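**Q** I am sharing my_file-v8.txt, which consists of compact mmCIF, C-alpha atoms:
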```
# COMPACT_ATOMS: atom_id res chain seq x y z
CA MET A 1 96.22 127.33 100.72
CA LYS A 2 92.44 127.49 101.11
CA GLN A 3 92.17 129.23 97.77
CA GLU A 4 94.42 126.64 96.12
CA LEU A 5 92.38 123.78 97.54
CA ALA A 6 89.17 125.41 96.30
CA GLU A 7 90.66 125.76 92.81
CA LEU A 8 91.92 122.19 92.86
CA HIS A 9 88.49 120.98 93.96
CA GLN A 10 86.89 122.83 91.08
CA SER A 11 89.44 121.44 88.63
CA MET A 12 88.92 117.88 89.91
CA LEU A 13 85.14 118.30 89.59
CA LEU A 14 85.63 119.13 85.90
CA ALA A 15 87.96 116.12 85.57
CA LYS A 16 85.29 113.87 87.10
CA ALA A 17 82.64 115.20 84.70
CA ALA A 18 85.02 114.68 81.76
CA ILE A 19 85.62 111.02 82.66
CA GLU A 20 81.88 110.47 83.03
CA ASP A 21 81.25 112.08 79.63
CA PHE A 22 83.95 109.91 78.07
CA LEU A 23 82.49 106.74 79.61
CA ALA A 24 79.08 107.78 78.23
CA ILE A 25 80.64 107.96 74.75
CA LEU A 26 82.30 104.54 75.12
CA ALA A 27 79.35 102.62 76.63
CA PRO A 28 77.18 102.47 73.47
CA VAL A 29 80.26 101.71 71.36
CA ILE A 30 81.01 98.66 73.52
CA LYS A 31 77.35 97.59 73.39
CA SER A 32 77.21 97.74 69.60
CA ALA A 33 80.75 96.45 68.93
CA GLN A 34 81.01 94.54 65.65
CA SER A 35 83.83 92.24 66.72
CA ASP A 36 85.41 90.75 69.84
CA TYR A 37 88.49 92.85 69.23
CA GLU A 38 86.50 96.09 69.03
CA ARG A 39 84.64 95.20 72.23
CA LEU A 40 87.84 94.30 74.10
CA TYR A 41 89.63 97.42 72.90
CA HIS A 42 86.95 99.87 74.05
CA ARG A 43 86.16 97.85 77.17
CA HIS A 44 89.80 97.99 78.21
CA ILE A 45 89.92 101.77 77.95
CA TYR A 46 86.53 101.98 79.70
CA ASP A 47 87.85 99.87 82.61
CA GLU A 48 90.95 102.00 83.04
CA GLU A 49 88.93 105.22 83.10
CA GLU A 50 86.34 103.72 85.46
CA GLU A 51 89.14 102.86 87.90
CA ARG A 52 90.51 106.39 87.59
CA LEU A 53 87.02 107.79 88.23
CA GLY A 54 86.99 105.93 91.56
CA ARG A 55 90.32 107.50 92.52
CA VAL A 56 89.20 110.98 91.42
CA LYS A 57 86.03 110.71 93.52
CA GLU A 58 88.06 109.79 96.58
CA LEU A 59 90.49 112.66 95.94
CA LEU A 60 87.50 115.00 95.79
CA ASP A 61 86.31 113.73 99.18
CA VAL A 62 89.78 114.16 100.66
CA ILE A 63 90.04 117.73 99.32
CA ALA A 64 86.56 118.54 100.64
CA ASN A 65 87.57 117.27 104.10
CA PHE A 66 90.73 119.39 104.06
CA GLN A 67 88.65 122.40 103.09
CA GLN A 68 86.31 121.92 106.05
CA ASP A 69 89.14 121.53 108.54
CA ASP A 70 90.68 124.99 108.68
CA THR A 71 93.03 124.49 111.60
CA PRO A 72 96.48 125.79 110.60
CA GLU A 73 98.08 122.44 111.53
CA SER A 74 96.00 120.58 108.99
CA LEU A 75 96.83 122.99 106.20
CA ARG A 76 100.55 123.66 106.64
CA PRO A 77 102.98 122.86 105.12
CA TRP A 78 100.54 120.70 103.21
CA PRO A 79 97.66 118.48 104.25
CA SER A 80 99.53 115.26 103.80
CA ASN A 81 102.29 113.63 101.82
CA HIS A 82 99.90 110.83 101.04
CA PHE A 83 97.43 113.24 99.52
CA LEU A 84 100.20 114.52 97.26
CA GLN A 85 101.18 111.00 96.32
CA ALA A 86 97.58 110.38 95.26
CA LEU A 87 97.67 113.65 93.32
CA TYR A 88 100.92 112.53 91.71
CA LEU A 89 99.23 109.30 90.65
CA GLU A 90 96.52 111.46 89.08
CA THR A 91 99.11 113.04 86.76
CA TYR A 92 99.66 109.55 85.34
CA GLY A 93 95.92 108.96 85.10
CA LEU A 94 95.58 112.26 83.28
CA ARG A 95 98.33 111.44 80.81
CA HIS A 96 96.63 108.15 80.03
CA PHE A 97 93.30 109.94 79.70
CA ILE A 98 94.81 112.37 77.17
CA GLU A 99 96.13 109.40 75.18
CA HIS A 100 92.74 107.69 75.36
CA LEU A 101 91.09 110.86 74.02
CA ASN A 102 93.61 111.09 71.18
CA LEU A 103 92.96 107.44 70.27
CA ALA A 104 89.19 108.09 70.37
CA LEU A 105 89.61 111.05 68.00
CA TYR A 106 90.90 108.57 65.41
CA GLY A 107 87.98 106.20 65.98
CA PHE A 108 85.03 108.59 66.23
CA GLN A 109 85.16 110.88 63.22
CA ASP A 110 81.65 112.36 63.41
CA GLU A 111 81.40 116.08 64.14
CA GLU A 112 79.53 115.72 67.42
CA ARG A 113 82.01 113.38 69.09
CA GLN A 114 85.01 115.21 67.61
CA ALA A 115 83.76 118.43 69.24
CA LEU A 116 83.12 116.70 72.58
CA LEU A 117 86.49 114.93 72.57
CA ASN A 118 88.39 118.07 71.60
CA GLY A 119 86.69 119.96 74.44
CA MET A 120 87.69 117.23 76.90
CA LEU A 121 91.23 117.25 75.54
CA GLU A 122 91.58 120.98 76.07
CA GLN A 123 90.24 120.71 79.59
CA ALA A 124 92.46 117.73 80.40
CA HIS A 125 95.58 119.63 79.29
CA SER A 126 94.56 122.57 81.47
CA HIS A 127 93.85 120.29 84.46
CA TYR A 128 97.21 118.56 83.94
CA GLN A 129 99.02 121.92 84.03
CA HIS A 130 97.11 122.85 87.17
CA VAL A 131 98.04 119.64 89.01
CA LYS A 132 101.67 119.98 87.88
CA GLU A 133 101.82 123.55 89.20
CA ILE A 134 100.50 122.49 92.59
CA LEU A 135 103.04 119.67 92.82
CA ALA A 136 105.87 122.01 91.70
CA LYS A 137 104.83 124.56 94.34
CA TYR A 138 104.98 121.88 97.00
CA ASN A 139 108.44 120.81 95.82
CA GLU A 140 109.74 124.38 96.04
CA GLY A 141 108.68 124.58 99.66
CA ASN A 142 110.23 121.22 100.54
CA GLU A 143 113.58 121.40 98.80
CA GLY A 144 115.92 118.85 100.28
CA SER A 145 113.46 117.48 102.79
CA SER A 146 110.63 115.04 102.15
CA LYS A 147 110.59 115.67 98.45
CA ILE A 148 108.40 113.01 96.91
CA ILE A 149 107.97 114.43 93.45
CA SER A 150 110.60 114.16 90.77
CA ASP A 151 111.88 117.43 89.33
CA ASN A 152 110.86 116.19 85.96
CA ILE A 153 107.20 115.45 86.40
CA ASP A 154 106.96 114.46 82.75
CA SER A 155 109.37 111.60 83.31
CA PRO A 156 107.70 108.18 83.42
CA ALA A 157 109.77 107.28 86.46
CA PHE A 158 106.77 106.81 88.71
CA THR A 159 107.81 104.37 91.38
CA VAL A 160 106.33 102.16 94.02
CA GLY A 161 108.55 104.10 96.38
CA SER A 162 106.34 107.13 95.96
CA LEU A 163 103.41 105.02 97.13
CA LEU A 164 105.16 103.65 100.18
CA MET B 1 106.54 84.19 105.83
CA LYS B 2 110.14 83.90 104.57
CA GLN B 3 109.05 81.14 102.21
CA GLU B 4 106.12 83.23 100.96
CA LEU B 5 108.35 86.22 100.35
CA ALA B 6 110.80 84.04 98.44
CA GLU B 7 107.98 82.69 96.26
CA LEU B 8 106.61 86.16 95.71
CA HIS B 9 110.05 87.41 94.75
CA GLN B 10 110.38 84.59 92.21
CA SER B 11 106.91 85.32 90.82
CA MET B 12 107.67 89.04 90.53
CA LEU B 13 110.94 88.27 88.75
CA LEU B 14 108.96 86.32 86.13
CA ALA B 15 106.50 89.22 85.89
CA LYS B 16 109.39 91.63 85.30
CA ALA B 17 110.81 89.41 82.55
CA ALA B 18 107.36 89.13 80.94
CA ILE B 19 106.93 92.92 80.78
CA GLU B 20 110.40 93.28 79.28
CA ASP B 21 109.59 90.60 76.67
CA PHE B 22 106.33 92.35 75.84
CA LEU B 23 108.08 95.73 75.48
CA ALA B 24 110.60 94.05 73.16
CA ILE B 25 107.70 92.87 70.97
CA LEU B 26 106.11 96.35 70.91
CA ALA B 27 109.26 98.42 70.27
CA PRO B 28 109.82 97.38 66.62
CA VAL B 29 106.07 97.65 65.94
CA ILE B 30 106.12 101.28 67.10
CA LYS B 31 109.24 101.98 65.05
CA SER B 32 107.73 100.60 61.85
CA ALA B 33 104.16 101.88 62.41
CA GLN B 34 102.36 102.62 59.15
CA SER B 35 100.12 105.37 60.56
CA ASP B 36 99.96 107.89 63.39
CA TYR B 37 97.09 105.96 64.90
CA GLU B 38 99.02 102.68 64.90
CA ARG B 39 102.03 104.39 66.50
CA LEU B 40 99.90 106.11 69.16
CA TYR B 41 98.01 102.91 69.94
CA HIS B 42 101.10 100.76 70.54
CA ARG B 43 103.03 103.61 72.16
CA HIS B 44 100.22 104.11 74.66
CA ILE B 45 100.31 100.45 75.73
CA TYR B 46 104.12 100.57 75.78
CA ASP B 47 104.05 103.58 78.11
CA GLU B 48 101.62 101.96 80.53
CA GLU B 49 103.71 98.80 80.71
CA GLU B 50 106.94 100.76 81.08
CA GLU B 51 105.44 102.58 84.07
CA ARG B 52 104.36 99.26 85.55
CA LEU B 53 107.87 97.87 85.02
CA GLY B 54 109.22 100.69 87.21
CA ARG B 55 106.76 99.79 89.97
CA VAL B 56 107.55 96.06 89.69
CA LYS B 57 111.30 96.75 89.97
CA GLU B 58 110.75 98.75 93.13
CA LEU B 59 108.50 96.05 94.57
CA LEU B 60 111.30 93.55 93.91
CA ASP B 61 113.75 95.76 95.80
CA VAL B 62 111.33 96.10 98.71
CA ILE B 63 110.77 92.32 98.86
CA ALA B 64 114.53 91.71 98.71
CA ASN B 65 115.03 94.11 101.64
CA PHE B 66 112.35 92.34 103.69
CA GLN B 67 114.02 89.03 102.94
CA GLN B 68 117.38 90.27 104.23
CA ASP B 69 115.91 91.66 107.43
CA ASP B 70 114.87 88.56 109.38
CA THR B 71 114.00 90.19 112.69
CA PRO B 72 110.57 88.90 113.76
CA GLU B 73 109.26 92.48 114.16
CA SER B 74 109.85 93.26 110.52
CA LEU B 75 108.07 90.13 109.33
CA ARG B 76 105.00 89.89 111.55
CA PRO B 77 102.09 90.31 111.05
CA TRP B 78 103.27 91.57 107.70
CA PRO B 79 106.13 93.78 106.60
CA SER B 80 104.02 96.84 105.98
CA ASN B 81 100.56 97.95 104.98
CA HIS B 82 102.15 100.15 102.38
CA PHE B 83 103.88 97.21 100.81
CA LEU B 84 100.52 95.47 100.53
CA GLN B 85 98.98 98.56 99.02
CA ALA B 86 101.68 98.52 96.36
CA LEU B 87 100.98 94.82 95.84
CA TYR B 88 97.28 95.61 95.55
CA LEU B 89 98.10 98.18 92.87
CA GLU B 90 100.02 95.42 91.08
CA THR B 91 96.78 93.39 90.77
CA TYR B 92 95.41 96.27 88.68
CA GLY B 93 98.60 96.46 86.67
CA LEU B 94 98.37 92.72 86.04
CA ARG B 95 94.75 92.91 84.91
CA HIS B 96 95.69 95.63 82.46
CA PHE B 97 98.67 93.57 81.30
CA ILE B 98 96.40 90.57 80.62
CA GLU B 99 94.11 92.84 78.57
CA HIS B 100 97.10 94.25 76.69
CA LEU B 101 98.24 90.70 75.86
CA ASN B 102 94.76 89.76 74.65
CA LEU B 103 94.66 92.85 72.43
CA ALA B 104 98.12 91.99 71.08
CA LEU B 105 96.94 88.46 70.22
CA TYR B 106 94.46 90.08 67.79
CA GLY B 107 97.14 92.27 66.27
CA PHE B 108 100.09 89.87 65.94
CA GLN B 109 98.83 86.75 64.21
CA ASP B 110 102.18 85.14 63.30
CA GLU B 111 103.00 81.85 65.01
CA GLU B 112 106.08 83.11 66.83
CA ARG B 113 104.42 86.04 68.56
CA GLN B 114 101.22 84.07 69.22
CA ALA B 115 103.30 81.47 71.07
CA LEU B 116 105.20 84.11 73.05
CA LEU B 117 102.05 86.04 73.94
CA ASN B 118 100.15 82.91 74.97
CA GLY B 119 103.05 81.91 77.23
CA MET B 120 103.03 85.35 78.85
CA LEU B 121 99.26 85.18 79.26
CA GLU B 122 99.46 81.85 81.07
CA GLN B 123 102.19 83.13 83.35
CA ALA B 124 100.33 86.39 84.02
CA HIS B 125 97.19 84.48 85.08
CA SER B 126 99.28 82.34 87.41
CA HIS B 127 101.06 85.40 88.88
CA TYR B 128 97.68 87.13 89.34
CA GLN B 129 96.36 84.12 91.32
CA HIS B 130 99.51 84.13 93.41
CA VAL B 131 99.25 87.80 94.32
CA LYS B 132 95.51 87.40 95.06
CA GLU B 133 96.22 84.48 97.40
CA ILE B 134 98.80 86.47 99.32
CA LEU B 135 96.42 89.40 99.70
CA ALA B 136 93.57 87.05 100.75
CA LYS B 137 95.84 85.42 103.35
CA TYR B 138 96.67 88.83 104.76
CA ASN B 139 92.95 89.73 104.95
CA GLU B 140 92.17 86.52 106.87
CA GLY B 141 94.71 87.44 109.50
CA ASN B 142 93.45 91.00 109.81
CA GLU B 143 89.68 90.52 109.89
CA GLY B 144 88.04 93.59 111.31
CA SER B 145 91.25 95.47 111.93
CA SER B 146 93.34 97.33 109.38
CA LYS B 147 91.82 95.55 106.44
CA ILE B 148 92.93 97.40 103.37
CA ILE B 149 91.90 94.95 100.69
CA SER B 150 88.34 94.58 99.49
CA ASP B 151 86.78 91.12 99.91
CA ASN B 152 86.15 91.10 96.23
CA ILE B 153 89.58 91.65 94.78
CA ASP B 154 88.12 91.37 91.29
CA SER B 155 86.02 94.46 91.84
CA PRO B 156 87.34 97.59 90.13
CA ALA B 157 86.74 99.58 93.32
CA PHE B 158 90.39 100.51 93.76
CA THR B 159 90.43 103.73 95.68
CA VAL B 160 92.72 106.56 96.56
CA GLY B 161 91.86 105.63 100.15
CA SER B 162 93.88 102.48 99.80
CA LEU B 163 96.87 104.61 98.82
CA LEU B 164 96.51 107.01 101.73
```
Now that the file is in, can you turn its structure into structure tokens?
**A**
Amino acid sequence: MKQELAELHQSMLLAKAAIEDFLAILAPVIKSAQSDYERLYHRHIYDEEEERLGRVKELLDVIANFQQDDTPESLRPWPSNHFLQALYLETYGLRHFIEHLNLALYGFQDEERQALLNGMLEQAHSHYQHVKEILAKYNEGNEGSSKIISDNIDSPAFTVGSLL
Amino acid sequence: MKQELAELHQSMLLAKAAIEDFLAILAPVIKSAQSDYERLYHRHIYDEEEERLGRVKELLDVIANFQQDDTPESLRPWPSNHFLQALYLETYGLRHFIEHLNLALYGFQDEERQALLNGMLEQAHSHYQHVKEILAKYNEGNEGSSKIISDNIDSPAFTVGSLL
């Protein structure tokens, strides 16, 4: 578990850096927008990613706290259902991020940004797989009990129930 | 409290209908998209609103359950912190919805859709105020205790902490 948490922490650190890089690409575009529509469009995506950045930072803090507390009770069977629910929410944030990157690839055709965006896209797919694997592993160990994650993680059936 | 829950239920029912109307506007646009970009753009917004629709439906169920259970314990000081957290998440969903409607007003310039979208926008603003008032009322009654909502509800500082 310790090893998994360390890997997740590393993966989330990369996710945080990727969001920050993406926001740094969007900021000057918003500033120099040629129309209200263009400004609103990029600003909207910026806002969504800024909100996700806040959640990712808090997840990083939570993971760091779990890593420091190495009592068996705090690490088995899993730190907390709530932590997993937050991680589940991150799979949705990640899917939106991937869509935002794909939309940006249409808008920013210069070589430099294409390279940056493609790098982020690759990393986001890898992070998404990682988070999915962790959630699947948890589900395996909790079959029939307090299973909070749908078998089909790709389904959009995210519910309030999973936040309650 | 019963009266407030009834009003909230009514407001959430209108919110649900508004999302469904918006999805009905987007669906044919996605189907007849003239480019991959156009399809991806509208599909992305469709997906986000479809996810929110799932959360709104569950919130409606939760409110309906609270309304049926009229034991004082279940209604005071408030049904559940978790319910409020879900409601807090809905303020973010609503803000995104308002931005989606504003973006759509740029894209769909015909009179019919402009009228529909403007009606939804007005209703979404009113629903947003309603949800904010309920959250503010809760905060007043919980000053210094288990306050889960930021004083400045308009701040984008939504955190994983508020989901935990």
**Q** Taking all atoms listed in the file into account, which of B:Phe66, B:Tyr106, B:Tyr88, B:Tyr46 comes nearest chain A?
**A**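 Looking only at the distances to chain A, the closest residue turns out to be B:Tyr106.
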**Q** Using all atoms listed in the file, find the one residue out of A:Glu20, A:Glu133, A:Asp47, A:Asp69 that sits nearest to chain B.
**A**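 Among the listed residues, the smallest separation from chain B belongs to A:Asp47.
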**Q** Report as number ranges by chain all protein, DNA and RNA residues lying within 10 Å of Gln10 (chain B), evaluated on all atoms listed in the file, omitting residues in the same chain fewer than 6 positions from it.
**A** B: 4, 16, 60, 127
**Q** Ranking A:Glu111, A:Val62, A:Val56, A:Asn102 by minimum distance to Ser11 (chain A) and counting only C-alpha atoms, which one comes first?
**A** A:Val56
**Q** Any idea what's packed within 12 Å of Pro28 (chain A), counting only C-alpha atoms, ignoring anything in its chain fewer than 3 positions away? Could you give it as a list in words?
**A**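 Selected residues are Phe22, Leu23, Ala24, Ile25, Lys31, Ser32, Ala33, Gln34, Arg39, His42, Arg43 and Tyr46 of chain A.
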**Q** Since fewer atoms than expected are present, regenerate N, CA, C and O atoms for region 81-96 of chain A and write them as an mmCIF file, keeping the file's coordinate frame.
**A**
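Output saved as selection02.cif:
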```
data_model
loop_
_atom_site.group_PDB
_atom_site.id
_atom_site.type_symbol
_atom_site.label_atom_id
_atom_site.label_comp_id
_atom_site.auth_asym_id
_atom_site.auth_seq_id
_atom_site.Cartn_x
_atom_site.Cartn_y
_atom_site.Cartn_z
ATOM 1 N N ASN A 81 101.478 114.180 102.896
ATOM 2 C CA ASN A 81 102.290 113.630 101.820
ATOM 3 C C ASN A 81 101.496 112.611 101.009
ATOM 4 O O ASN A 81 101.655 112.507 99.803
ATOM 5 N N HIS A 82 100.666 111.874 101.719
ATOM 6 C CA HIS A 82 99.900 110.830 101.040
ATOM 7 C C HIS A 82 98.915 111.431 100.039
ATOM 8 O O HIS A 82 98.696 110.902 98.962
ATOM 9 N N PHE A 83 98.341 112.540 100.426
ATOM 10 C CA PHE A 83 97.430 113.240 99.520
ATOM 11 C C PHE A 83 98.180 113.633 98.254
ATOM 12 O O PHE A 83 97.689 113.459 97.133
ATOM 13 N N LEU A 84 99.400 114.127 98.432
ATOM 14 C CA LEU A 84 100.200 114.520 97.260
ATOM 15 C C LEU A 84 100.601 113.320 96.420
ATOM 16 O O LEU A 84 100.684 113.405 95.196
ATOM 17 N N GLN A 85 100.847 112.212 97.077
ATOM 18 C CA GLN A 85 101.180 111.000 96.320
ATOM 19 C C GLN A 85 99.986 110.591 95.452
ATOM 20 O O GLN A 85 100.149 110.196 94.300
ATOM 21 N N ALA A 86 98.783 110.716 96.028
ATOM 22 C CA ALA A 86 97.580 110.380 95.260
ATOM 23 C C ALA A 86 97.420 111.361 94.094
ATOM 24 O O ALA A 86 97.014 110.986 92.993
ATOM 25 N N LEU A 87 97.755 112.628 94.368
ATOM 26 C CA LEU A 87 97.670 113.650 93.320
ATOM 27 C C LEU A 87 98.709 113.376 92.228
ATOM 28 O O LEU A 87 98.465 113.583 91.039
ATOM 29 N N TYR A 88 99.863 112.885 92.653
ATOM 30 C CA TYR A 88 100.920 112.530 91.710
ATOM 31 C C TYR A 88 100.457 111.384 90.809
ATOM 32 O O TYR A 88 100.662 111.404 89.585
ATOM 33 N N LEU A 89 99.788 110.414 91.417
ATOM 34 C CA LEU A 89 99.230 109.300 90.650
ATOM 35 C C LEU A 89 98.232 109.827 89.624
ATOM 36 O O LEU A 89 98.128 109.313 88.502
ATOM 37 N N GLU A 90 97.510 110.868 89.996
ATOM 38 C CA GLU A 90 96.520 111.460 89.080
ATOM 39 C C GLU A 90 97.194 112.055 87.844
ATOM 40 O O GLU A 90 96.588 112.077 86.770
ATOM 41 N N THR A 91 98.442 112.529 87.970
ATOM 42 C CA THR A 91 99.110 113.040 86.760
ATOM 43 C C THR A 91 99.305 111.912 85.756
ATOM 44 O O THR A 91 99.232 112.122 84.554
ATOM 45 N N TYR A 92 99.534 110.700 86.248
ATOM 46 C CA TYR A 92 99.660 109.550 85.340
ATOM 47 C C TYR A 92 98.313 109.199 84.743
ATOM 48 O O TYR A 92 98.203 108.928 83.545
ATOM 49 N N GLY A 93 97.272 109.222 85.594
ATOM 50 C CA GLY A 93 95.920 108.960 85.100
ATOM 51 C C GLY A 93 95.535 109.948 84.028
ATOM 52 O O GLY A 93 94.927 109.593 83.010
ATOM 53 N N LEU A 94 95.915 111.206 84.238
ATOM 54 C CA LEU A 94 95.580 112.260 83.280
ATOM 55 C C LEU A 94 96.314 112.075 81.961
ATOM 56 O O LEU A 94 95.749 112.295 80.888
ATOM 57 N N ARG A 95 97.572 111.685 82.047
ATOM 58 C CA ARG A 95 98.330 111.440 80.810
ATOM 59 C C ARG A 95 97.711 110.308 80.021
ATOM 60 O O ARG A 95 97.589 110.380 78.789
ATOM 61 N N HIS A 96 97.286 109.264 80.720
ATOM 62 C CA HIS A 96 96.630 108.150 80.030
ATOM 63 C C HIS A 96 95.303 108.610 79.428
ATOM 64 O O HIS A 96 94.932 108.222 78.322
#
```
